[in-house]
Each structure stands twice: as C-alpha cells, then as structure tokens.
>>> print(open('data-v7.txt').read())   # compact mmCIF, C-alpha atoms
# COMPACT_ATOMS: atom_id res chain seq x y z
CA MET C 1 16.03 29.04 20.12
CA ILE C 2 18.69 27.04 22.02
CA MET C 3 19.41 25.14 18.84
CA GLY C 4 19.83 28.42 16.97
CA LEU C 5 22.11 29.85 19.63
CA SER C 6 24.40 26.80 19.55
CA MET C 7 24.41 26.98 15.74
CA ASP C 8 25.58 30.58 16.03
CA LYS C 9 28.29 29.54 18.45
CA VAL C 10 29.46 26.88 16.01
CA VAL C 11 29.57 29.54 13.29
CA VAL C 12 31.70 31.79 15.53
CA CYS C 13 34.10 28.96 16.38
CA PHE C 14 34.35 27.89 12.76
CA GLY C 15 34.96 31.47 11.66
CA LEU C 16 37.68 32.04 14.24
CA ILE C 17 39.46 28.76 13.42
CA SER C 18 39.22 29.50 9.72
CA LEU C 19 40.58 33.01 10.32
CA ALA C 20 43.53 31.55 12.25
CA HIS C 21 44.05 29.02 9.47
CA SER C 22 44.16 31.70 6.81
CA ALA C 23 46.70 33.62 8.88
CA TYR C 24 48.78 30.47 9.17
CA SER C 25 48.50 29.94 5.39
CA ALA C 26 49.70 33.48 4.78
CA ALA C 27 52.71 32.91 7.05
CA GLN C 28 53.44 29.65 5.26
CA HIS C 29 53.30 31.42 1.92
CA ARG C 30 55.80 34.03 3.10
CA ALA C 31 58.12 31.28 4.39
CA TYR C 32 57.84 29.42 1.07
CA LEU C 33 58.70 32.61 -0.85
CA ARG C 34 61.73 33.20 1.37
CA LEU C 35 62.99 29.64 0.83
CA THR C 36 62.58 29.80 -2.96
CA GLU C 37 64.02 33.36 -2.94
CA GLN C 38 61.14 34.95 -4.83
CA SER C 39 59.99 38.48 -4.12
CA PHE C 40 56.62 39.04 -2.44
CA THR C 41 53.91 40.54 -4.61
CA SER C 42 50.58 39.51 -3.10
CA LEU C 43 48.94 36.65 -1.23
CA PRO C 44 47.33 33.85 -3.26
CA LEU C 45 43.67 34.36 -3.99
CA ASP C 46 42.40 31.35 -2.00
CA VAL C 47 43.99 32.66 1.21
CA LEU C 48 42.49 36.10 0.67
CA VAL C 49 39.03 34.68 0.01
CA GLN C 50 39.24 32.39 3.03
CA CYS C 51 40.31 35.28 5.22
CA PHE C 52 37.46 37.49 4.04
CA VAL C 53 34.76 34.81 4.24
CA SER C 54 35.78 33.66 7.71
CA PHE C 55 35.87 37.28 8.88
CA VAL C 56 32.32 37.86 7.68
CA LEU C 57 31.19 34.57 9.25
CA THR C 58 32.73 35.52 12.61
CA CYS C 59 31.11 38.95 12.53
CA TYR C 60 27.72 37.46 11.72
CA GLY C 61 28.03 34.78 14.43
CA ILE C 62 29.11 37.22 17.14
CA VAL C 63 26.28 39.60 16.37
CA ARG C 64 23.86 36.68 16.64
CA VAL C 65 25.39 35.29 19.84
CA VAL C 66 25.47 38.47 21.95
CA GLY C 67 21.69 38.80 21.89
CA LYS C 68 18.90 40.82 20.43
CA PHE C 69 19.37 44.41 19.40
CA LYS C 70 17.60 47.03 21.40
CA GLU C 71 15.89 49.97 19.83
CA ILE C 72 17.79 53.21 20.09
CA ASN C 73 15.28 55.33 21.93
CA SER C 74 16.21 58.94 22.31
CA ALA C 75 13.31 59.61 24.62
CA THR C 76 13.88 57.06 27.39
CA GLU C 77 15.26 59.70 29.73
CA LEU C 78 12.51 62.14 28.85
CA GLU C 79 9.75 59.57 29.25
CA LYS C 80 9.99 59.62 33.01
CA ARG C 81 9.53 63.34 33.40
CA SER C 82 6.03 64.58 33.95
CA TRP C 83 4.48 67.83 32.83
CA GLU C 84 4.35 69.01 36.44
CA THR C 85 8.12 68.97 36.90
CA MET C 86 8.64 70.23 33.36
CA SER C 87 6.34 73.20 33.71
CA ASN C 88 7.80 74.15 37.07
CA ARG C 89 10.19 77.01 36.37
CA PRO C 90 12.09 78.29 39.40
CA ALA C 91 13.28 81.39 37.54
CA PHE C 92 9.66 82.41 36.99
CA TYR C 93 8.26 81.73 40.44
CA CYS C 94 5.55 84.20 41.21
CA PHE C 95 4.95 84.74 44.91
CA ASN C 96 1.67 86.55 44.65
CA HIS C 97 -0.50 83.55 45.32
CA ARG C 98 -2.60 81.93 48.01
CA GLY C 99 0.40 80.35 49.77
CA LYS C 100 0.91 83.47 51.83
CA SER C 101 -2.49 83.55 53.47
CA LEU C 102 -2.91 79.80 53.41
CA TYR C 103 0.13 79.04 55.51
CA ARG C 104 -0.05 82.11 57.69
CA ASN C 105 -3.61 81.26 58.71
CA CYS C 106 -2.52 77.73 59.40
CA GLU C 107 0.15 78.87 61.77
CA GLU C 108 -2.05 81.39 63.50
CA GLU C 109 -4.74 78.80 63.99
CA ASP C 110 -2.21 76.38 65.35
CA ALA C 111 -0.96 79.00 67.76
CA GLN C 112 -4.50 79.81 68.83
CA LEU C 113 -5.32 76.17 69.34
CA GLN C 114 -2.22 75.68 71.39
CA GLN C 115 -3.02 78.73 73.46
CA ARG C 116 -6.54 77.50 74.05
CA SER C 117 -5.47 74.04 75.13
CA PHE C 118 -2.85 75.61 77.35
CA LEU C 119 -5.47 77.80 79.01
CA LYS C 120 -7.76 74.81 79.47
CA ASN C 121 -5.05 72.77 81.11
CA SER C 122 -3.94 75.51 83.44
CA LEU K 1 24.63 58.42 73.78
CA SER K 2 26.38 57.14 70.68
CA LYS K 3 23.17 55.41 69.64
CA ASP K 4 21.34 58.70 69.94
CA SER K 5 23.87 60.49 67.82
CA ASN K 6 23.61 57.68 65.26
CA VAL K 7 19.86 58.16 65.06
CA LEU K 8 20.33 61.90 64.79
CA HIS K 9 22.85 61.42 62.03
CA PHE K 10 20.40 59.17 60.22
CA TYR K 11 17.67 61.81 60.38
CA PHE K 12 20.15 64.49 59.44
CA SER K 13 21.31 62.71 56.29
CA GLU K 14 17.73 61.86 55.39
CA ALA K 15 16.66 65.50 55.68
CA ARG K 16 19.68 66.63 53.69
CA ASP K 17 19.05 64.08 50.96
CA ARG K 18 15.37 64.96 50.75
CA LEU K 19 16.21 68.63 50.24
CA LYS K 20 18.73 67.66 47.58
CA GLN K 21 16.17 65.50 45.85
CA ILE K 22 13.66 68.34 45.79
CA ARG K 23 16.35 70.63 44.36
CA GLU K 24 17.21 68.22 41.60
CA GLU K 25 13.64 67.32 40.74
CA GLN K 26 12.77 71.01 40.70
CA SER K 27 9.47 70.27 42.38
CA ARG K 28 7.81 73.13 44.19
CA SER K 29 7.32 71.46 47.59
CA SER K 30 7.89 74.70 49.39
CA ARG K 31 6.03 73.89 52.59
CA GLU K 32 7.98 70.66 52.96
CA VAL K 33 11.28 72.46 52.47
CA VAL K 34 10.42 75.08 55.06
CA ASP K 35 9.25 72.44 57.52
CA ILE K 36 12.37 70.35 57.11
CA TRP K 37 14.51 73.42 57.63
CA GLU K 38 12.66 74.94 60.56
CA GLN K 39 12.01 71.77 62.47
CA PHE K 40 15.26 70.02 61.96
CA LEU K 41 18.00 71.11 59.65
CA SER K 42 18.39 74.67 60.92
CA TYR K 43 19.87 73.26 64.15
CA PHE K 44 22.57 71.49 62.17
CA SER K 45 23.39 74.11 59.59
CA ASP K 46 27.10 74.05 60.46
CA LYS K 47 27.15 70.30 59.88
CA LEU K 48 26.22 70.75 56.24
CA GLY K 49 29.58 72.24 55.33
CA ASN K 50 29.68 73.86 51.93
CA ASP K 51 26.34 72.27 51.03
CA VAL K 52 24.69 74.84 53.24
CA TRP K 53 24.67 77.59 50.58
CA PRO K 54 22.41 75.91 48.02
CA VAL K 55 20.20 74.86 50.93
CA TYR K 56 19.95 78.49 52.09
CA GLU K 57 18.97 79.51 48.56
CA GLN K 58 16.38 76.77 48.36
CA VAL K 59 14.92 77.55 51.77
CA CYS K 60 14.83 81.26 50.93
CA ILE K 61 12.73 80.68 47.81
CA ALA K 62 10.51 78.19 49.62
CA ALA K 63 10.00 80.68 52.46
CA CYS K 64 8.98 83.35 49.96
CA ASP K 65 6.46 80.87 48.60
CA CYS K 66 4.99 80.29 52.04
CA GLY K 67 4.98 83.95 52.98
CA GLU K 68 7.57 83.47 55.71
CA ILE K 69 9.38 86.69 55.05
CA SER K 70 11.50 86.70 58.22
CA LEU K 71 12.94 83.29 57.45
CA ALA K 72 13.70 84.38 53.88
CA HIS K 73 15.45 87.48 55.22
CA ARG K 74 17.56 85.34 57.53
CA CYS K 75 18.68 83.14 54.62
CA VAL K 76 19.58 86.11 52.47
CA ARG K 77 21.57 87.62 55.34
CA GLU K 78 23.60 84.44 55.75
CA LEU K 79 24.24 84.26 52.00
CA ASN K 80 25.17 87.93 51.87
CA ARG K 81 27.76 87.40 54.56
CA GLN K 82 29.37 84.62 52.51
CA PHE K 83 29.01 86.12 49.02
CA PRO K 84 28.85 89.90 49.51
CA LYS K 85 28.88 90.95 45.87
CA SER K 86 27.04 88.09 44.23
CA PHE K 87 24.32 88.91 41.70
CA ARG K 88 22.63 85.64 42.54
CA VAL K 89 22.16 86.70 46.14
CA LYS K 90 20.91 90.08 44.99
CA GLY K 91 18.37 88.28 42.84
CA LEU K 92 17.22 86.40 45.93
CA GLU K 93 16.95 89.68 47.78
CA GLY K 94 14.68 90.89 45.02
CA MET K 95 12.56 87.78 45.33
CA VAL K 96 12.08 88.44 49.03
CA LEU K 97 11.01 92.00 48.19
CA GLU K 98 8.56 90.59 45.67
CA ALA K 99 7.15 88.18 48.21
CA ASN K 100 6.73 91.19 50.48
CA GLN K 101 4.84 92.86 47.61
CA ARG K 102 7.28 95.73 47.41
CA TYR K 103 7.40 95.55 43.66
CA ASP K 104 8.83 99.04 43.03
CA THR K 105 11.85 98.41 45.22
CA ALA K 106 12.37 95.01 43.66
CA GLU K 107 12.15 96.48 40.16
CA HIS K 108 14.69 99.12 41.07
CA LEU K 109 17.02 96.44 42.45
CA TYR K 110 16.76 94.34 39.29
CA LYS K 111 17.41 97.37 37.13
CA THR K 112 20.56 98.21 39.04
CA ILE K 113 21.70 94.59 38.62
CA LEU K 114 21.08 94.90 34.90
CA GLN K 115 23.09 98.10 34.76
CA ASP K 116 26.09 96.35 36.28
CA ASP K 117 25.59 93.16 34.31
CA PRO K 118 23.44 93.64 31.21
CA THR K 119 23.39 89.92 30.44
CA ASN K 120 22.00 88.87 33.81
CA SER K 121 19.13 86.63 32.76
CA VAL K 122 17.76 86.11 36.28
CA ALA K 123 17.09 89.81 36.76
CA GLU K 124 15.42 90.10 33.38
CA LYS K 125 13.19 87.14 34.10
CA ARG K 126 12.25 88.54 37.49
CA LEU K 127 11.20 91.81 35.85
CA VAL K 128 8.74 89.76 33.82
CA VAL K 129 7.51 88.09 37.00
CA ILE K 130 6.98 91.47 38.68
CA TYR K 131 4.59 92.44 35.91
CA LYS K 132 2.95 89.06 36.12
CA SER K 133 2.46 89.30 39.89
CA GLN K 134 0.77 92.65 39.44
CA ASN K 135 -1.45 91.04 36.82
CA LYS K 136 -0.05 93.25 34.06
CA ILE K 137 0.10 90.35 31.64
CA LYS K 138 0.47 92.49 28.51
CA GLU K 139 3.56 94.24 29.88
CA ALA K 140 4.95 90.91 31.03
CA ILE K 141 4.55 89.54 27.52
CA THR K 142 6.32 92.47 25.86
CA GLU K 143 9.14 92.25 28.41
CA LEU K 144 9.54 88.52 27.92
CA ARG K 145 9.51 88.89 24.15
CA LYS K 146 12.28 91.44 24.44
CA TYR K 147 14.25 88.97 26.53
CA LEU K 148 13.63 86.12 24.09
CA ASP K 149 14.91 88.23 21.19
CA SER K 150 18.38 87.86 22.66
CA HIS K 151 18.02 84.49 24.42
CA MET K 152 16.33 82.32 21.86
CA ALA K 153 17.56 79.02 23.28
CA ASP K 154 15.95 79.51 26.69
CA THR K 155 13.28 76.81 26.78
CA ASP K 156 11.91 77.84 30.16
CA SER K 157 11.17 81.30 28.88
CA TRP K 158 9.41 80.01 25.78
CA LEU K 159 7.24 77.85 28.01
CA GLU K 160 6.51 80.81 30.26
CA LEU K 161 5.62 82.97 27.27
CA SER K 162 3.28 80.31 25.98
CA ASP K 163 1.60 80.14 29.39
CA LEU K 164 1.22 83.91 29.44
CA TYR K 165 -0.35 83.84 25.99
CA LEU K 166 -2.63 81.01 27.07
CA SER K 167 -3.80 83.07 30.04
CA GLN K 168 -4.76 85.75 27.48
CA MET K 169 -6.42 83.06 25.33
CA ASP K 170 -4.07 83.91 22.51
CA TYR K 171 -3.78 80.37 21.21
CA ALA K 172 -2.04 81.17 17.95
CA HIS K 173 0.92 82.80 19.68
CA ALA K 174 1.03 80.14 22.39
CA ALA K 175 1.17 77.50 19.67
CA PHE K 176 4.06 79.36 18.06
CA CYS K 177 6.02 79.21 21.32
CA LEU K 178 5.47 75.47 21.49
CA GLU K 179 6.64 75.17 17.88
CA GLU K 180 9.91 76.79 18.95
CA LEU K 181 10.21 74.32 21.81
CA ILE K 182 9.57 71.36 19.53
CA LEU K 183 12.29 72.65 17.22
CA ALA K 184 14.67 72.83 20.16
CA ASN K 185 13.67 69.43 21.59
CA PRO K 186 12.17 67.27 18.85
CA HIS K 187 12.27 64.12 20.97
CA TYR K 188 10.37 65.44 23.94
CA HIS K 189 6.86 63.99 23.94
CA LEU K 190 5.40 66.53 26.34
CA PHE K 191 6.00 69.43 23.97
CA HIS K 192 4.25 67.58 21.18
CA GLN K 193 1.41 66.80 23.52
CA ARG K 194 1.12 70.39 24.68
CA TYR K 195 1.18 71.71 21.13
CA ALA K 196 -1.56 69.28 20.14
CA GLU K 197 -3.63 70.33 23.14
CA ILE K 198 -3.43 73.97 22.13
CA ARG K 199 -4.41 73.10 18.57
CA TYR K 200 -7.28 70.98 19.86
CA THR K 201 -8.47 73.88 21.98
CA GLN K 202 -8.42 76.16 18.96
CA GLY K 203 -10.89 73.86 17.26
CA GLY K 204 -11.87 73.56 13.61
CA THR K 205 -11.18 70.65 11.31
CA GLU K 206 -7.74 71.81 10.23
CA ASN K 207 -6.51 72.32 13.77
CA LEU K 208 -7.98 69.00 14.83
CA LEU K 209 -6.06 67.27 12.05
CA GLU K 210 -2.89 68.96 13.22
CA ALA K 211 -3.63 68.04 16.82
CA ARG K 212 -4.22 64.44 15.81
CA ALA K 213 -0.82 64.31 14.11
CA TYR K 214 1.00 65.78 17.10
CA PHE K 215 -0.80 63.59 19.63
CA SER K 216 0.25 60.62 17.51
CA GLN K 217 3.86 61.80 17.51
CA ALA K 218 3.76 62.18 21.30
CA ILE K 219 2.44 58.62 21.62
CA LYS K 220 5.13 57.38 19.27
CA LEU K 221 7.81 59.01 21.45
CA ASN K 222 6.28 57.73 24.67
CA PRO K 223 3.68 54.97 24.33
CA ASN K 224 2.75 55.37 28.01
CA ASN K 225 1.54 58.94 27.67
CA ILE K 226 -2.07 58.52 28.73
CA ARG K 227 -2.95 62.15 28.19
CA ALA K 228 -1.82 62.02 24.59
CA LEU K 229 -3.79 58.81 24.08
CA TYR K 230 -6.91 60.50 25.39
CA GLY K 231 -6.15 63.45 23.13
CA LEU K 232 -5.85 61.20 20.10
CA PHE K 233 -9.10 59.51 21.06
CA LEU K 234 -10.91 62.84 21.35
CA CYS K 235 -9.43 64.23 18.12
CA ALA K 236 -10.21 61.12 16.12
CA SER K 237 -13.74 60.71 17.41
CA ASN K 238 -14.36 64.42 16.88
CA LEU K 239 -13.09 64.25 13.34
CA ALA K 240 -15.13 61.12 12.70
CA THR K 241 -18.30 63.10 13.25
CA LYS K 242 -17.09 65.96 11.04
CA GLN K 243 -15.53 64.19 8.10
CA ARG K 244 -18.02 61.70 6.76
CA SER K 245 -15.76 60.54 3.95
CA ALA K 246 -12.83 59.53 6.13
CA GLU K 247 -15.10 58.29 8.88
CA SER K 248 -13.96 54.70 8.97
CA LYS K 249 -10.29 55.59 9.45
CA ASN K 250 -10.90 58.07 12.25
CA MET K 251 -13.10 55.60 14.04
CA LYS K 252 -10.28 53.11 13.77
CA TYR K 253 -7.82 55.57 15.34
CA ALA K 254 -10.23 56.30 18.17
CA ALA K 255 -10.80 52.62 18.82
CA TRP K 256 -7.05 52.02 18.80
CA ALA K 257 -6.45 54.80 21.34
CA ALA K 258 -9.24 53.50 23.57
CA GLU K 259 -7.77 50.02 23.38
CA GLN K 260 -4.31 51.31 24.31
CA ILE K 261 -5.70 53.23 27.27
CA SER K 262 -7.60 50.26 28.65
CA GLN K 263 -4.55 48.07 28.13
CA LEU K 264 -2.43 50.49 30.12
CA TYR K 265 -5.00 50.54 32.90
CA ARG K 266 -5.10 46.75 32.90
CA LYS K 267 -1.32 46.64 33.19
CA LEU K 268 -1.26 49.14 36.04
CA GLY K 269 -4.21 47.43 37.77
CA GLY K 270 -2.33 44.14 37.70
CA ARG K 271 0.73 45.78 39.20
CA GLY K 272 -1.02 47.59 42.06
CA THR K 273 -2.20 46.10 45.32
CA LYS K 274 -5.84 46.25 44.33
CA SER K 275 -7.62 42.99 43.64
CA SER K 276 -8.24 41.95 40.05
CA SER K 277 -12.01 42.42 40.38
CA ASP K 278 -11.37 46.05 41.27
CA SER K 279 -9.33 46.66 38.17
CA THR K 280 -11.84 44.90 35.90
CA GLU K 281 -14.52 47.15 37.33
CA GLN K 282 -12.38 50.16 36.59
CA ILE K 283 -11.88 49.00 33.04
CA LYS K 284 -15.63 48.55 32.68
CA ALA K 285 -16.13 52.09 33.94
CA LEU K 286 -13.53 53.21 31.42
CA GLY K 287 -15.50 51.61 28.59
CA GLY K 288 -18.64 53.43 29.69
CA MET K 289 -16.70 56.70 29.81
CA PHE K 290 -15.44 56.25 26.26
CA ASP K 291 -19.03 55.83 25.07
CA LYS K 292 -19.98 59.04 26.84
CA LEU K 293 -17.07 60.97 25.37
CA GLN K 294 -18.12 59.89 21.92
CA LEU K 295 -21.68 60.96 22.55
CA THR K 296 -20.69 64.45 23.62
CA SER K 297 -18.47 64.92 20.62
CA SER K 298 -21.20 64.09 18.11
>>> encode(input="data-v7.txt", output="structure tokens")
Amino acid sequence: MIMGLSMDKVVVCFGLISLAHSAYSAAQHRAYLRLTEQSFTSLPLDVLVQCFVSFVLTCYGIVRVVGKFKEINSATELEKRSWETMSNRPAFYCFNHRGKSLYRNCEEEDAQLQQRSFLKNS
Amino acid sequence: LSKDSNVLHFYFSEARDRLKQIREEQSRSSREVVDIWEQFLSYFSDKLGNDVWPVYEQVCIAACDCGEISLAHRCVRELNRQFPKSFRVKGLEGMVLEANQRYDTAEHLYKTILQDDPTNSVAEKRLVVIYKSQNKIKEAITELRKYLDSHMADTDSWLELSDLYLSQMDYAHAAFCLEELILANPHYHLFHQRYAEIRYTQGGTENLLEARAYFSQAIKLNPNNIRALYGLFLCASNLATKQRSAESKNMKYAAWAAEQISQLYRKLGGRGTKSSSDSTEQIKALGGMFDKLQLTSS
C-alpha cells in the first residue's frame, strides 16, 4: 500500500518534470526556428508525443495519489429520514383526535391533585 | 445578578433552539411545544424579535393539537395584529375553528379564502381535512383528487391520498399514489418500501413478486433499512412456499435478508452500552423469531 502510494508519487513527479521538459523543448524549437529564420508550421512529433504521454501519466498519478473514489450516493441525505417524520404532514393535521381529552384530563387531574394537597396542608 | 441573567439566557436560547429544531424536523411534538411556550418562552416573547412569528404559528398549531383553544386564539390574535390581511393567518384561524369542532364555520372561512385566492393550496388541503375529521372519507378523497388534478407535484398530498385509500382498504389506488411518489422521488427508499408493503398486503404471487422487487430496491438505496429487510425476508420465504420450482432461490434471498438483519443487530449491539452477552442473546432470540416467521408463512 505504502509502496504503491510512493510509486504513484514518483509517477506524478516524473510526469510533471516530463511535462515541463516538453514545454522547454517546444520553446527551444521556436527559438531555433527564429534563429534560422524559418516559418513555424507545427511542433516536432517527439515533443508532441512526450507532452501527451506525460500529461496522461500525471493525470493517472494524481488520481491514484488523492485517494480512493467514493460512491456517488444520491440517497445519503434521504437515508437519515424516518417514515415518522416523512409521513408527518403539517398541512393535513387533523385535530379531531384523542389529544383534546387526553391533555385536558391531565390538566384537570393536576389541578384537582393540587387542590387536594392544598386542602390537606391548610 | 449577571450570573442569573446568563443562566436565563442559556435556558432561553435552548428553548428557542428546541422549538426551531422541532419546526425543521417537522415532528409533531405538540405537547412539548406547548409546554416550552407556556412555562418559559411566553415570558420572553419580545426577546425573540422577528423569530416570534413562526413560533406563534407553531405554538398555535400545537395548541390546537392539545385542545388548548384559548392559547391558540391568543396566538392567532397576535399574528393578526402583525399581518392583518394574511391568508396564512386566516388558515390558522380556520385550524383553530376546526380544533373547536366548528367545521361549518371553518369550511365557510376556507371557501372565502379560496374565492379571494383560488390557488391557495392550504385552504384546499384544509377542506379535505374537514371532511376527514368528520369521518367523511369518501368526500375527502374526491376533494383531494380534485386538488391533485391541478397540483400533481405535491408529494404530501399524494401521501395523504394514499393513506386515505388505505383507511378504506383500497390497496390498488393506494399503490397508484405511491407509484406517483416513486416517479417523483426515485431515490427515496421509504417510498419503495411503502409501495412494497402495500403490494405485500394485497397478497397473491404476482403482488408478492412485485413487493420482493421493491423491497430489494429499497434495501439497495439504503442498506440499513431494517423494515425493508424484514419485508424481503417475509416475501421471499412466502414465495418459497408457493413456488416450488424457484424454491432454492427464494430461500437464498430469505437467508440473505435474515443474515443482513442479524448483522445489523450485531453492529448496533456492539455500539450500545449493553454488554456483549446481552446482544448475543438478542441475536439468538432473533434467530428463533426467524424460524417462527417461516413456520407461519408455510
């Protein structure tokens, strides 16, 4: 693993140096043309090939160096939501349910209890 | 004194954040909301600034849920003072009327809203709820279908319609609603799961095959969906008893689902505070339960 990673780093370095070298070669070629007063048509084939190959090598190395790819998962956000929150629709709240009597009784009982304890204490 | 005010401020921000959390999660913790408001936050309502208006709305709905009509009225009054001509506040007013079981008045109110603003979706939805609260499910369904004709992208309404159909045991139509939802949200595992559940409830080999496929899709979208795993297990073991020719494959699916479920339990058992012996016992119990489920399905 560590060996592989360092290999990838070597590939990246080599690719970058080679890319810089091909750029330098291209500049040299232009300078040579200017000195010999020829008109520029295209770069020599070896420079083009070197440029392309080193570019591909660099791309490959960088992709390997930055780490493993992660799966594109469209549902990661949705995974956390439960059916309970999903099926809870505020626009469709229906108030005709047990909550009314449930909580009212609770409060009345509380009040009664409080009253009773108050009477006892007094 | 400054320490006291610091403590108060701490409680204040905690209460405010909790209410906000409930709003965003859309959970129906109505009693909690009312308690937070009545026991604490109502004394600091001016401290909330402009945040106070959504809080009033939230508390109003929660109060309707708990049958605290006077509190709901108070909230609506405050909101009315701030936004005198708002349809949203009028909708809330209607909700309070509904909670007070004055359905005719509420219906009239919603209809006047709709006259002024024919595209007001809240009022239309509340009309459906009025029918539902009076247990007129058939009318509610026709009303909701009328609404969905013009608002086909409203997922909440499709879900509501499917629930209404389910309450009438009309599984075919309920399944259709879920199909619409799956079309709108193909990556949402819960819709696939729900659709599969409806198909499973319908029964019959064909529906079970369909249910098996949709449970599998739900598991693929979310491998931690225990309910879908159980569904796949039940479908596969059910089909195994029905289809003799494809028996081996269905048994394999069922075994796979059972294995996934016990693995998930093992993972969760390891994470919790319970001792490992506890979790192994649970997994043993799980194995016994799988055997029983298979027995009942044969």
>>> interface_residues(input="data-v7.txt", of="chain C", to="chain K", cutoff="6 Å", atoms="all atoms listed in the file", output="PyMOL selection string")
chain C and resi 75+85+95-96+99-100
>>> residues_around(input="data-v7.txt", residues="range 49-57 of chain C", least_positions_apart="6", cutoff="9 Å", atoms="all atoms listed in the file", output="PDB file with C-alpha atoms, keeping the file's coordinate frame")
ATOM      1  CA  VAL C  11      29.570  29.540  13.290  1.00  0.00           C
ATOM      2  CA  VAL C  12      31.700  31.790  15.530  1.00  0.00           C
ATOM      3  CA  PHE C  14      34.350  27.890  12.760  1.00  0.00           C
ATOM      4  CA  GLY C  15      34.960  31.470  11.660  1.00  0.00           C
ATOM      5  CA  LEU C  16      37.680  32.040  14.240  1.00  0.00           C
ATOM      6  CA  ILE C  17      39.460  28.760  13.420  1.00  0.00           C
ATOM      7  CA  SER C  18      39.220  29.500   9.720  1.00  0.00           C
ATOM      8  CA  LEU C  19      40.580  33.010  10.320  1.00  0.00           C
ATOM      9  CA  ALA C  20      43.530  31.550  12.250  1.00  0.00           C
ATOM     10  CA  HIS C  21      44.050  29.020   9.470  1.00  0.00           C
ATOM     11  CA  SER C  22      44.160  31.700   6.810  1.00  0.00           C
ATOM     12  CA  ALA C  23      46.700  33.620   8.880  1.00  0.00           C
TER      13      ALA C  23
END
>>> atom_distance(input="data-v7.txt", atom1="CA of Leu71 in chain K", atom2="CA of Glu32 in chain K")
14.3 Å
>>> residues_around(input="data-v7.txt", residues="range 167-174 of chain K", least_positions_apart="6", cutoff="12 Å", atoms="all atoms listed in the file", output="VMD selection string")
chain K and resid 132 135 to 138 140 to 141 145 158 to 161 180 to 181 191 194 to 203 207
>>> closest_residue(input="data-v7.txt", among="K:Cys177, K:Leu41, K:Ala153, K:Val33", to="Cys60 in chain K", atoms="all atoms listed in the file")
K:Val33
>>> atom_distance(input="data-v7.txt", atom1="CA of Tyr110 in chain K", atom2="CA of Leu102 in chain C")
28.2 Å
>>> closest_residue(input="data-v7.txt", among="K:Ile113, K:Gln260, K:Leu208, K:Gln243", to="Tyr230 in chain K", atoms="all atoms listed in the file")
K:Gln260
>>> atom_distance(input="data-v7.txt", atom1="CA of Ala211 in chain K", atom2="CA of Leu148 in chain K")
26.0 Å
>>> residues_around(input="data-v7.txt", residues="Leu19 in chain K", least_positions_apart="2", cutoff="12 Å", atoms="only C-alpha atoms", output="ChimeraX atom specification")
/K:12-17,21-37,40-41,48,51-52,54-59,62
>>> closest_residue(input="data-v7.txt", among="K:Thr241, K:Gln115, K:Gln282, K:Ser162", to="Ile261 in chain K", atoms="only C-alpha atoms")
K:Gln282
>>> residues_around(input="data-v7.txt", residues="Val89 in chain K", least_positions_apart="5", cutoff="10 Å", atoms="all atoms listed in the file", output="PyMOL selection string")
chain K and resi 57+75-80+82-84+94-95
